[in-house]
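**Q** Before we start, here is the structure in question, set down as structure tokens.
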Amino acid sequence: MALTLVFLPSPLLGPSVWRPVAEAVEDRGLHSVIASVPAGVQTSEDVLDAFLEASPADRDLAVVPHSNAGAFVPALVERRAVVATVFVDAILPPPHGSVPLAPPSFLAILRTKAEADGLLPPWTSWWAEEVVAELFPDAATRSAVEREQQQLPLSYFEMAMPAPRGWDQRSGAYLALGDTYTDERDDAVRRGWPTNTLRGGHLHQLHDPESVADTIVALLGQAIREH
């Protein structure tokens with residue numbers, strides 16, 4: 001499979017959420033890169049620029065977004081040779097129109113968390129400690145991920161990304177990590193895409209990178225064969 005896999009972390013986090021899986025993919029003979037969003041981003045265009053910079057323009061790509069990064073796939077499809085996408089517990093944009101960076105119900109919650117300067121606190125402080133603790137396999141992994149957290153402005157989540165008609169005509173697949181993104185997984189089923197669910201939390205790729213890597217590679221191969 002002569003593709004470069006481009007792992008996209010949520011702009012709220014960083015490369016550490018994907019590094020163990022990217023290493024496992026490399027062990028399976030596939031080339032990969034992990035995008036990184038620089039500190040101080042303010043807008044969706046800033047994030048898109050970072051994702052584009054990480055995505056080689058001279059080769060075929062398979063994009064693997066996590067969480068909020070899923071919203072940026074249609075824009076990447078327009079600008080890079082994206083052959084396939086495997087969404088992993090991620091926003092799944094509609095076939096056409098636009099995709100908000102936070103749905104209205106969640107945006108209302110975020111508005112209660114914004115600080116006086118308009119910035120949101122780091123992502124792991126949005127949730128109860130007992131919930132956050134279960135996301136990580138150990139203290140060292142949690143520390144590495146938390147060091148890379150971004151404080152994005154509330155205004156970022158008030159934006160939307162375009163979803164041009166036809167963006168999802170490439171090969172697509174969906175991997176859910178538990179039940180949080182079941183609506184998105186079910187949407188992928190309706191589109192006729194290969195899907196799978198691994199029982200775990202939103203950062204299950206940190207707990208079991210080997211299984212996540214195997215599942216991504218299998219879904220990718222299936223999506224391309226069936227397209």
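Every chain in the structure tokens has a letter given in the order shown (A, B, ...), and although residue numbers restart at 1 in each chain, ligands are simply numbered from 1 in the order shown.
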Counting only C-alpha atoms, which residues of stretch 90-157 of chain A sit at most 12 Å from some atom of stretch 198-222 of chain A, and what is each one's closest atom pair with its distance in Å to one decimal, listed by chain and rising residue number, as a tab-separated table?

**A**
```
residue	atom	partner	partner_atom	distance
A:Ala90	CA	A:His202	CA	9.4
A:Thr124	CA	A:Leu203	CA	11.7
A:Val131	CA	A:Gly201	CA	9.6
A:Val132	CA	A:Gly201	CA	9.8
A:Ala133	CA	A:Gly201	CA	10.8
A:Glu134	CA	A:Gly201	CA	7.7
A:Leu135	CA	A:Leu203	CA	5.6
A:Phe136	CA	A:Leu206	CA	6.7
A:Pro137	CA	A:His207	CA	5.4
A:Asp138	CA	A:His207	CA	8.9
A:Ala139	CA	A:Leu206	CA	11.9
A:Ala140	CA	A:Leu206	CA	11.3
A:Thr141	CA	A:Leu206	CA	7.8
A:Arg142	CA	A:Leu206	CA	9.5
A:Ala144	CA	A:Leu206	CA	11.3
A:Val145	CA	A:Leu206	CA	10.0
```

**Q** Would you please give, as number ranges by chain, all residues of stretch 95-153 of chain A that DSSP assigns to strand (DSSP E) based on the backbone?

**A** A: 97-100

**Q** Could you give me the residues within stretch 4-39 of chain A that DSSP places in alpha helix (DSSP H), as a list in words?

**A**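 Going through stretch 4-39 of chain A, the alpha helix (DSSP H) residues come out as Arg19, Pro20, Val21, Ala22, Glu23, Ala24, Val25, Glu26 and Asp27 of chain A.
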
**Q** Please report the interatomic distance between atom CA of A:Glu226 and atom CA of A:Leu101 in Å with one decimal.

**A**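 Separation of atom CA of A:Glu226 and atom CA of A:Leu101: 29.9 Å.
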
**Q** Measuring between only C-alpha atoms, which one of A:Leu154, A:Ala176, A:Ala50, A:Ala163 shows the shortest distance to A:Ser67?

**A**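 Looking only at the distances to A:Ser67, the closest residue turns out to be A:Ala176.
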
**Q** Nearest to A:Tyr156 among A:Ile109, A:Val17, A:Leu12, A:Val64, with distances taken over only C-alpha atoms: which residue is it?

**A** A:Leu12

**Q** Env of A:Arg80: 9 Å cut, atoms = only C-alpha atoms, seq-sep filter 3 positions within chain, self excluded. Answer as a tab-separated table (two decimals) with all heavy atoms, in the first residue's frame.

**A**
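result_24.tsv, written as the output of this step:
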```
chain	number	residue	atom	x	y	z
A	52	LEU	N	-2.12	21.28	6.54
A	52	LEU	CA	-1.61	21.26	5.17
A	52	LEU	C	-0.09	21.18	5.14
A	52	LEU	O	0.50	20.46	4.33
A	52	LEU	CB	-2.08	22.52	4.42
A	52	LEU	CG	-3.54	22.54	4.00
A	52	LEU	CD1	-3.94	23.93	3.54
A	52	LEU	CD2	-3.79	21.53	2.89
A	55	SER	N	1.05	17.69	5.58
A	55	SER	CA	0.56	16.73	4.59
A	55	SER	C	1.34	16.90	3.29
A	55	SER	O	1.15	17.89	2.58
A	55	SER	CB	-0.94	16.96	4.34
A	55	SER	OG	-1.67	16.87	5.53
A	56	PRO	N	2.21	15.96	2.96
A	56	PRO	CA	3.04	16.10	1.75
A	56	PRO	C	2.18	16.30	0.50
A	56	PRO	O	1.16	15.62	0.31
A	56	PRO	CB	3.80	14.77	1.69
A	56	PRO	CG	3.80	14.26	3.08
A	56	PRO	CD	2.49	14.70	3.68
A	57	ALA	N	2.61	17.24	-0.34
A	57	ALA	CA	1.86	17.56	-1.55
A	57	ALA	C	2.30	16.73	-2.75
A	57	ALA	O	1.70	16.85	-3.83
A	57	ALA	CB	2.01	19.04	-1.87
A	58	ASP	N	3.32	15.89	-2.58
A	58	ASP	CA	3.90	15.19	-3.72
A	58	ASP	C	3.63	13.69	-3.69
A	58	ASP	O	4.32	12.92	-4.35
A	58	ASP	CB	5.41	15.42	-3.77
A	58	ASP	CG	6.13	14.96	-2.50
A	58	ASP	OD1	5.43	14.63	-1.52
A	58	ASP	OD2	7.37	14.93	-2.51
A	59	ARG	N	2.64	13.25	-2.92
A	59	ARG	CA	2.36	11.82	-2.84
A	59	ARG	C	0.90	11.60	-2.43
A	59	ARG	O	0.23	12.49	-1.96
A	59	ARG	CB	3.30	11.14	-1.84
A	59	ARG	CG	3.08	11.54	-0.40
A	59	ARG	CD	4.22	11.13	0.50
A	59	ARG	NE	5.38	12.00	0.33
A	59	ARG	CZ	6.41	12.01	1.17
A	59	ARG	NH1	6.44	11.16	2.19
A	59	ARG	NH2	7.42	12.82	0.97
A	60	ASP	N	0.45	10.35	-2.64
A	60	ASP	CA	-0.90	9.98	-2.23
A	60	ASP	C	-0.96	9.81	-0.72
A	60	ASP	O	-0.04	9.25	-0.10
A	60	ASP	CB	-1.32	8.67	-2.90
A	60	ASP	CG	-1.54	8.84	-4.40
A	60	ASP	OD1	-1.74	9.98	-4.84
A	60	ASP	OD2	-1.51	7.82	-5.12
A	61	LEU	N	-2.08	10.26	-0.14
A	61	LEU	CA	-2.21	10.29	1.31
A	61	LEU	C	-3.44	9.51	1.78
A	61	LEU	O	-4.46	9.47	1.10
A	61	LEU	CB	-2.34	11.73	1.82
A	61	LEU	CG	-1.27	12.73	1.38
A	61	LEU	CD1	-1.62	14.12	1.91
A	61	LEU	CD2	0.10	12.30	1.86
A	75	ALA	N	-11.50	20.07	3.52
A	75	ALA	CA	-10.55	21.08	3.04
A	75	ALA	C	-9.24	20.45	2.61
A	75	ALA	O	-8.61	20.90	1.63
A	75	ALA	CB	-10.32	22.14	4.12
A	76	LEU	N	-8.80	19.41	3.31
A	76	LEU	CA	-7.57	18.71	2.91
A	76	LEU	C	-7.77	17.97	1.60
A	76	LEU	O	-6.86	17.93	0.75
A	76	LEU	CB	-7.15	17.74	4.01
A	76	LEU	CG	-6.58	18.35	5.28
A	76	LEU	CD1	-6.36	17.27	6.33
A	76	LEU	CD2	-5.27	19.08	5.00
A	77	VAL	N	-8.94	17.38	1.43
A	77	VAL	CA	-9.24	16.67	0.19
A	77	VAL	C	-9.13	17.61	-1.01
A	77	VAL	O	-8.66	17.23	-2.09
A	77	VAL	CB	-10.64	16.03	0.26
A	77	VAL	CG1	-11.12	15.58	-1.11
A	77	VAL	CG2	-10.63	14.85	1.23
```
